[in-house]
$ cat start-v8.tsv   # TSV, C-alpha atoms
chain	number	residue	atom	x	y	z
A	1	GLY	CA	110.14	100.07	100.92
A	2	GLU	CA	106.60	98.78	100.84
A	3	ASN	CA	106.09	96.29	98.07
A	4	VAL	CA	103.46	93.93	96.66
A	5	GLU	CA	104.57	91.14	94.36
A	6	GLN	CA	102.03	89.44	92.11
A	7	HIS	CA	102.33	86.15	90.20
A	8	PRO	CA	101.93	85.04	87.53
A	9	SER	CA	102.11	88.02	85.18
A	10	THR	CA	100.08	86.13	82.56
A	11	LEU	CA	97.69	83.21	82.93
A	12	SER	CA	95.85	81.31	80.23
A	13	VAL	CA	93.07	78.86	81.06
A	14	GLN	CA	90.30	77.01	79.29
A	15	GLU	CA	86.72	78.01	79.93
A	16	GLY	CA	85.43	76.18	82.99
A	17	ASP	CA	88.85	75.77	84.58
A	18	SER	CA	89.91	77.51	87.79
A	19	ALA	CA	92.41	80.35	87.95
A	20	VAL	CA	94.58	81.33	90.90
A	21	ILE	CA	96.58	84.55	91.27
A	22	LYS	CA	98.94	85.00	94.19
A	23	CYS	CA	100.33	88.10	95.91
A	24	THR	CA	102.81	88.68	98.69
A	25	TYR	CA	103.22	91.89	100.64
A	26	SER	CA	106.09	93.27	102.65
A	27	ASP	CA	104.51	95.33	105.43
A	28	SER	CA	103.13	93.36	108.36
A	29	ALA	CA	100.99	96.39	109.28
A	30	SER	CA	98.90	96.03	106.10
A	31	ASN	CA	95.31	95.21	107.02
A	32	TYR	CA	93.23	95.69	103.86
A	33	PHE	CA	93.65	93.66	100.67
A	34	PRO	CA	91.46	94.46	97.64
A	35	TRP	CA	91.45	92.95	94.18
A	36	TYR	CA	90.65	95.03	91.11
A	37	LYS	CA	89.69	93.89	87.61
A	38	GLN	CA	90.52	96.00	84.59
A	39	GLU	CA	89.05	95.13	81.22
A	40	LEU	CA	90.84	96.33	78.11
A	41	GLY	CA	90.57	100.10	77.78
A	42	LYS	CA	88.47	100.44	80.92
A	43	ARG	CA	89.00	101.62	84.46
A	44	PRO	CA	89.96	99.29	87.34
A	45	GLN	CA	86.98	98.12	89.39
A	46	LEU	CA	86.89	96.41	92.75
A	47	ILE	CA	85.76	92.79	92.59
A	48	ILE	CA	86.45	91.58	96.12
A	49	ASP	CA	88.38	92.63	99.21
A	50	ILE	CA	89.40	91.13	102.52
A	51	ARG	CA	90.50	92.55	105.83
A	52	SER	CA	93.16	91.16	108.13
A	53	ASN	CA	90.70	89.76	110.67
A	54	VAL	CA	89.27	87.37	108.07
A	55	GLY	CA	90.99	84.37	106.51
A	56	GLU	CA	88.73	83.80	103.53
A	57	LYS	CA	85.92	85.55	101.69
A	58	LYS	CA	83.77	84.29	98.87
A	59	ASP	CA	81.44	85.94	96.37
A	60	GLN	CA	79.88	83.52	93.90
A	61	ARG	CA	82.73	82.27	91.66
A	62	ILE	CA	85.35	84.48	93.25
A	63	ALA	CA	87.17	83.88	96.53
A	64	VAL	CA	90.11	85.46	98.28
A	65	THR	CA	92.27	83.83	100.96
A	66	LEU	CA	94.68	85.58	103.32
A	67	ASN	CA	97.61	84.15	105.25
A	68	LYS	CA	98.87	86.93	107.52
A	69	THR	CA	101.69	84.86	108.95
A	70	ALA	CA	103.17	84.23	105.53
A	71	LYS	CA	102.08	87.68	104.26
A	72	HIS	CA	100.38	86.38	101.18
A	73	PHE	CA	96.89	86.42	99.73
A	74	SER	CA	95.34	84.80	96.68
A	75	LEU	CA	92.44	85.27	94.28
A	76	HIS	CA	90.58	82.16	93.17
A	77	ILE	CA	88.19	82.20	90.23
A	78	THR	CA	86.21	79.00	89.61
A	79	GLU	CA	84.33	77.97	86.46
A	80	THR	CA	86.06	80.66	84.43
A	81	GLN	CA	84.21	82.30	81.56
A	82	PRO	CA	85.49	84.33	78.59
A	83	GLU	CA	84.21	87.52	80.25
A	84	ASP	CA	86.67	86.89	83.09
A	85	SER	CA	89.46	87.78	80.65
A	86	ALA	CA	91.06	90.96	82.00
A	87	VAL	CA	93.99	92.29	83.99
A	88	TYR	CA	93.69	91.63	87.72
A	89	PHE	CA	95.51	93.74	90.32
A	90	CYS	CA	96.03	92.90	93.95
A	91	ALA	CA	96.78	95.62	96.48
A	92	ALA	CA	97.67	96.00	100.13
A	93	SER	CA	97.20	98.96	102.43
A	94	SER	CA	100.30	101.00	103.21
A	95	GLN	CA	101.84	101.08	106.67
A	96	ALA	CA	100.25	104.45	107.38
A	97	GLY	CA	96.90	103.20	106.09
A	98	THR	CA	96.58	106.17	103.77
A	99	ALA	CA	97.17	104.47	100.44
A	100	LEU	CA	97.15	101.22	98.50
A	101	ILE	CA	100.25	99.54	97.13
A	102	PHE	CA	99.35	97.71	93.93
A	103	GLY	CA	100.91	94.63	92.40
A	104	LYS	CA	101.95	94.81	88.75
A	105	GLY	CA	98.96	92.89	87.50
A	106	THR	CA	98.07	89.51	86.00
A	107	THR	CA	96.65	89.24	82.50
A	108	LEU	CA	94.09	86.43	82.55
A	109	SER	CA	92.97	84.96	79.24
A	110	VAL	CA	90.05	82.52	79.19
A	111	SER	CA	89.60	80.67	75.93
A	112	SER	CA	86.38	78.92	74.94
B	113	ASP	CA	75.08	109.22	87.47
B	114	ALA	CA	78.22	111.29	86.88
B	115	GLY	CA	80.36	109.66	89.59
B	116	ILE	CA	83.96	110.45	88.83
B	117	THR	CA	85.05	112.03	85.57
B	118	GLN	CA	88.35	113.00	84.01
B	119	SER	CA	89.23	115.46	81.27
B	120	PRO	CA	90.61	115.43	78.74
B	121	ARG	CA	90.39	111.74	77.89
B	122	TYR	CA	93.25	112.01	75.41
B	123	LYS	CA	96.03	114.57	75.25
B	124	ILE	CA	99.08	114.98	73.08
B	125	THR	CA	101.62	117.58	74.11
B	126	GLU	CA	105.27	118.45	73.59
B	127	THR	CA	108.24	118.22	75.90
B	128	GLY	CA	108.49	121.24	78.19
B	129	ARG	CA	104.84	122.27	78.03
B	130	GLN	CA	102.61	122.54	81.07
B	131	VAL	CA	99.64	120.20	81.13
B	132	THR	CA	96.76	119.99	83.60
B	133	LEU	CA	94.60	116.90	83.94
B	134	MET	CA	91.23	117.42	85.59
B	135	CYS	CA	89.34	115.14	87.94
B	136	HIS	CA	85.85	115.74	89.29
B	137	GLN	CA	83.71	113.58	91.59
B	138	THR	CA	80.10	114.03	92.61
B	139	TRP	CA	80.03	111.81	95.71
B	140	SER	CA	81.66	114.29	98.10
B	141	HIS	CA	84.29	111.68	98.93
B	142	SER	CA	86.98	113.03	101.22
B	143	TYR	CA	89.85	111.11	99.68
B	144	MET	CA	91.14	111.49	96.16
B	145	PHE	CA	94.12	109.95	94.38
B	146	TRP	CA	96.15	110.21	91.20
B	147	TYR	CA	97.78	107.13	89.69
B	148	ARG	CA	99.78	106.51	86.58
B	149	GLN	CA	99.59	103.19	84.77
B	150	ASP	CA	102.49	101.96	82.68
B	151	LEU	CA	103.03	98.55	81.14
B	152	GLY	CA	104.97	96.38	83.54
B	153	HIS	CA	104.50	98.74	86.49
B	154	GLY	CA	100.86	98.41	87.37
B	155	LEU	CA	99.28	101.37	89.15
B	156	ARG	CA	101.63	103.75	90.92
B	157	LEU	CA	100.40	106.48	93.25
B	158	ILE	CA	101.49	110.00	92.35
B	159	TYR	CA	99.65	112.14	94.93
B	160	TYR	CA	96.68	111.81	97.21
B	161	SER	CA	94.47	114.12	99.20
B	162	ALA	CA	92.58	113.49	102.43
B	163	ALA	CA	90.43	116.64	102.19
B	164	ALA	CA	90.36	120.07	100.62
B	165	ASP	CA	93.74	121.78	101.06
B	166	ILE	CA	95.38	118.57	102.33
B	167	THR	CA	97.63	116.74	99.88
B	168	ASP	CA	100.55	114.35	100.20
B	169	LYS	CA	103.09	112.65	97.99
B	170	GLY	CA	102.78	109.10	96.79
B	171	GLU	CA	105.36	106.77	95.27
B	172	VAL	CA	106.21	108.80	92.13
B	173	PRO	CA	105.52	112.54	92.76
B	174	ASP	CA	108.49	114.11	90.95
B	175	GLY	CA	107.47	116.40	88.10
B	176	TYR	CA	103.85	116.67	89.24
B	177	VAL	CA	101.90	119.25	91.23
B	178	VAL	CA	98.40	118.93	92.70
B	179	SER	CA	95.94	121.20	94.39
B	180	ARG	CA	92.56	120.70	96.02
B	181	SER	CA	90.68	123.90	96.73
B	182	LYS	CA	87.29	122.16	96.53
B	183	THR	CA	86.32	118.69	97.74
B	184	GLU	CA	85.04	117.62	94.33
B	185	ASN	CA	88.05	118.61	92.21
B	186	PHE	CA	91.60	117.32	92.21
B	187	PRO	CA	93.65	118.62	89.25
B	188	LEU	CA	97.07	117.20	88.41
B	189	THR	CA	99.61	119.47	86.70
B	190	LEU	CA	102.73	118.48	84.85
B	191	GLU	CA	104.75	121.67	85.09
B	192	SER	CA	107.21	120.82	82.30
B	193	ALA	CA	106.20	117.61	80.56
B	194	THR	CA	108.84	115.00	79.76
B	195	ARG	CA	108.61	111.92	77.52
B	196	SER	CA	108.83	109.67	80.58
B	197	GLN	CA	105.47	111.11	81.68
B	198	THR	CA	103.73	109.50	78.71
B	199	SER	CA	101.25	107.26	80.47
B	200	VAL	CA	97.61	106.60	81.31
B	201	TYR	CA	96.55	108.64	84.32
B	202	PHE	CA	93.74	107.53	86.60
B	203	CYS	CA	92.05	109.60	89.24
B	204	ALA	CA	90.22	107.81	92.05
B	205	SER	CA	88.13	108.74	95.06
B	206	SER	CA	87.19	107.00	98.27
B	207	GLU	CA	84.89	107.60	101.19
B	208	LEU	CA	87.45	106.03	103.50
B	209	SER	CA	91.18	106.52	103.82
B	210	GLY	CA	93.14	105.15	100.87
B	211	GLY	CA	94.17	102.01	102.65
B	212	ALA	CA	90.81	101.25	104.24
B	213	GLY	CA	88.12	100.97	101.60
B	214	GLU	CA	87.07	100.80	97.98
B	215	GLN	CA	88.54	103.32	95.58
B	216	PHE	CA	86.42	104.36	92.62
B	217	PHE	CA	88.41	105.08	89.49
B	218	GLY	CA	87.74	107.58	86.76
B	219	PRO	CA	87.87	106.58	83.07
B	220	GLY	CA	91.50	107.64	82.68
B	221	THR	CA	93.42	110.16	80.59
B	222	ARG	CA	95.86	108.90	77.99
B	223	LEU	CA	98.72	111.41	77.80
B	224	THR	CA	101.38	111.35	75.11
B	225	VAL	CA	104.41	113.63	75.41
B	226	LEU	CA	106.31	114.06	72.14
$ encode --input "start-v8.tsv" --output "structure tokens"
Amino acid sequence: GENVEQHPSTLSVQEGDSAVIKCTYSDSASNYFPWYKQELGKRPQLIIDIRSNVGEKKDQRIAVTLNKTAKHFSLHITETQPEDSAVYFCAASSQAGTALIFGKGTTLSVSS
Amino acid sequence: DAGITQSPRYKITETGRQVTLMCHQTWSHSYMFWYRQDLGHGLRLIYYSAAADITDKGEVPDGYVVSRSKTENFPLTLESATRSQTSVYFCASSELSGGAGEQFFGPGTRLTVL
């Protein structure tokens, strides 16, 4: 079945360091790849997304890269800050394009 | 700015009881979704709806029923609650199809089944 694998499950960095979270997806028909951030006790919120016709997208300290051939995409956070501490979910569109398949999440901890 | 709301926010019930979780959005989004979030499993899709009176199963639909008589409401019913349905439930809505654009999540309902 359709599947999205996300690594690592936990990530601890020092403030100012970079953080990278990687995801792989199984369905070559997937064409939309969003990343959601969920702070403790809050709802998931979209932070950045990328479509299959683009290889990289950047928004200030956050960037996402996509390698369609290898079926993997990554989230890069530079100059991390304590407020970046949260659970991050990657997702890929389903084959039918009607839903998102989410990874299991990465808990990022940024210590000052 | 109401956006998308869920009620109740917290619910404790007993095995075998029927429970309905409510979801309401004010954006007139066509698409609405129900997810459950469990530690180690991320977000799993239960049901989704493309419009009023159009619903379809997601990854984990067993034990759940949905309806959508109005665009703005998408209730989720557990017909006979089981302990394995203890979870945090998120409703979401989207202007575009589920796999095409941003989904906006509600605040969640924490359900405990004793």
$ atom_distance --input "start-v8.tsv" --atom1 "atom CA of Glu56 of chain A" --atom2 "atom CA of Lys22 of chain A"
13.9 Å
$ closest_atom_pairs --input "start-v8.tsv" --of "chain A" --to "chain B" --cutoff "6 Å" --atoms "all atoms listed in the file" --output "Markdown table"
| residue | atom | partner | partner_atom | distance |
| --- | --- | --- | --- | --- |
| A:Arg43 | CA | B:Pro219 | CA | 5.3 |
| A:Ser93 | CA | B:Gly211 | CA | 4.3 |
| A:Gly97 | CA | B:Gly211 | CA | 4.6 |
| A:Thr98 | CA | B:Gly210 | CA | 4.6 |
| A:Ala99 | CA | B:Gly210 | CA | 4.1 |
| A:Leu100 | CA | B:Gly211 | CA | 5.2 |
| A:Lys104 | CA | B:Gly154 | CA | 4.0 |
| A:Gly105 | CA | B:Gly154 | CA | 5.8 |
$ closest_residue --input "start-v8.tsv" --among "B:Asn185, B:Thr198, B:Thr167, B:Ser179" --to "Cys135 of chain B" --atoms "all atoms listed in the file"
B:Asn185
$ residues_around --input "start-v8.tsv" --residues "Gln14 of chain A" --least-positions-apart "6" --cutoff "12 Å" --atoms "only C-alpha atoms" --output "MDAnalysis selection string"
chainID A and resid 78:82 84:85 108:112
$ write_last_selection --input "start-v8.tsv" --atoms "C-alpha atoms" --output "PDB file, in the coordinates of the input"
ATOM      1  CA  THR A  78      86.210  79.000  89.610  1.00  0.00           C
ATOM      2  CA  GLU A  79      84.330  77.970  86.460  1.00  0.00           C
ATOM      3  CA  THR A  80      86.060  80.660  84.430  1.00  0.00           C
ATOM      4  CA  GLN A  81      84.210  82.300  81.560  1.00  0.00           C
ATOM      5  CA  PRO A  82      85.490  84.330  78.590  1.00  0.00           C
ATOM      6  CA  ASP A  84      86.670  86.890  83.090  1.00  0.00           C
ATOM      7  CA  SER A  85      89.460  87.780  80.650  1.00  0.00           C
ATOM      8  CA  LEU A 108      94.090  86.430  82.550  1.00  0.00           C
ATOM      9  CA  SER A 109      92.970  84.960  79.240  1.00  0.00           C
ATOM     10  CA  VAL A 110      90.050  82.520  79.190  1.00  0.00           C
ATOM     11  CA  SER A 111      89.600  80.670  75.930  1.00  0.00           C
ATOM     12  CA  SER A 112      86.380  78.920  74.940  1.00  0.00           C
TER      13      SER A 112
END
$ atom_distance --input "start-v8.tsv" --atom1 "atom CA of His7 of chain A" --atom2 "atom CA of Val200 of chain B"
22.8 Å
$ atom_distance --input "start-v8.tsv" --atom1 "atom CA of Asp165 of chain B" --atom2 "atom CA of Glu207 of chain B"
16.7 Å
$ residues_around --input "start-v8.tsv" --residues "Tyr176 of chain B" --least-positions-apart "2" --cutoff "6 Å" --atoms "only C-alpha atoms" --output "ChimeraX atom specification"
/B:173-174,189-190
$ residues_around --input "start-v8.tsv" --residues "segment 115-131 of chain B" --least-positions-apart "6" --cutoff "6 Å" --atoms "only C-alpha atoms" --output "ChimeraX atom specification"
/B:137-138,189-194,218,221-226
$ closest_residue --input "start-v8.tsv" --among "B:Arg195, B:Tyr201, B:Ala164, B:Lys169" --to "Thr132 of chain B" --atoms "all atoms listed in the file"
B:Tyr201
$ residues_near_point --input "start-v8.tsv" --point "(91.6, 88.4, 83.1)" --cutoff "12 Å" --atoms "only C-alpha atoms" --output "ChimeraX atom specification"
/A:8-13,15,18-21,35-40,44,47,75-77,80-89,105-111
$ decode --input "start-v8.tsv" --residues "segment 191-214 of chain B" --atoms "N, CA and C atoms" --output "tab-separated table (two decimals), in the first residue's frame"
chain	number	residue	atom	x	y	z
B	191	GLU	N	-19.85	4.18	16.64
B	191	GLU	CA	-21.15	3.55	16.92
B	191	GLU	C	-21.13	2.74	18.22
B	192	SER	N	-20.03	2.08	18.50
B	192	SER	CA	-19.88	1.30	19.73
B	192	SER	C	-18.40	1.39	20.12
B	193	ALA	N	-18.10	2.36	20.97
B	193	ALA	CA	-16.70	2.71	21.24
B	193	ALA	C	-15.93	1.53	21.85
B	194	THR	N	-14.68	1.41	21.43
B	194	THR	CA	-13.77	0.40	21.97
B	194	THR	C	-12.53	1.10	22.52
B	195	ARG	N	-11.81	0.45	23.40
B	195	ARG	CA	-10.62	1.05	24.02
B	195	ARG	C	-9.59	1.43	22.96
B	196	SER	N	-9.52	0.67	21.89
B	196	SER	CA	-8.54	0.97	20.83
B	196	SER	C	-8.86	2.27	20.10
B	197	GLN	N	-10.04	2.82	20.34
B	197	GLN	CA	-10.40	4.10	19.72
B	197	GLN	C	-10.04	5.30	20.61
B	198	THR	N	-9.41	5.03	21.73
B	198	THR	CA	-8.83	6.12	22.54
B	198	THR	C	-7.75	6.78	21.71
B	199	SER	N	-7.89	8.08	21.50
B	199	SER	CA	-6.98	8.77	20.59
B	199	SER	C	-7.28	10.26	20.62
B	200	VAL	N	-6.46	11.01	19.88
B	200	VAL	CA	-6.77	12.42	19.61
B	200	VAL	C	-7.28	12.48	18.17
B	201	TYR	N	-8.45	13.08	18.00
B	201	TYR	CA	-9.09	13.15	16.69
B	201	TYR	C	-9.01	14.58	16.15
B	202	PHE	N	-8.51	14.69	14.93
B	202	PHE	CA	-8.42	15.98	14.27
B	202	PHE	C	-9.32	16.00	13.03
B	203	CYS	N	-10.06	17.06	12.92
B	203	CYS	CA	-10.81	17.34	11.71
B	203	CYS	C	-10.00	18.35	10.90
B	204	ALA	N	-10.10	18.30	9.59
B	204	ALA	CA	-9.40	19.25	8.74
B	204	ALA	C	-10.28	19.60	7.55
B	205	SER	N	-10.00	20.74	6.96
B	205	SER	CA	-10.72	21.13	5.74
B	205	SER	C	-9.74	21.69	4.73
B	206	SER	N	-10.15	21.66	3.48
B	206	SER	CA	-9.28	22.13	2.41
B	206	SER	C	-10.12	22.66	1.26
B	207	GLU	N	-9.62	23.71	0.65
B	207	GLU	CA	-10.29	24.25	-0.54
B	207	GLU	C	-10.08	23.33	-1.74
B	208	LEU	N	-8.92	22.69	-1.77
B	208	LEU	CA	-8.58	21.80	-2.87
B	208	LEU	C	-8.69	20.35	-2.41
B	209	SER	N	-8.65	19.46	-3.35
B	209	SER	CA	-8.67	18.03	-3.05
B	209	SER	C	-7.58	17.69	-2.04
B	210	GLY	N	-7.81	16.66	-1.25
B	210	GLY	CA	-6.92	16.34	-0.13
B	210	GLY	C	-5.47	16.21	-0.48
B	211	GLY	N	-5.18	15.78	-1.69
B	211	GLY	CA	-3.80	15.60	-2.06
B	211	GLY	C	-3.24	16.73	-2.91
B	212	ALA	N	-3.90	17.88	-2.88
B	212	ALA	CA	-3.50	18.96	-3.79
B	212	ALA	C	-3.16	20.28	-3.11
B	213	GLY	N	-3.61	20.47	-1.87
B	213	GLY	CA	-3.38	21.76	-1.25
B	213	GLY	C	-3.42	21.69	0.26
B	214	GLU	N	-3.22	22.86	0.88
B	214	GLU	CA	-3.12	22.94	2.33
B	214	GLU	C	-4.39	22.47	3.00
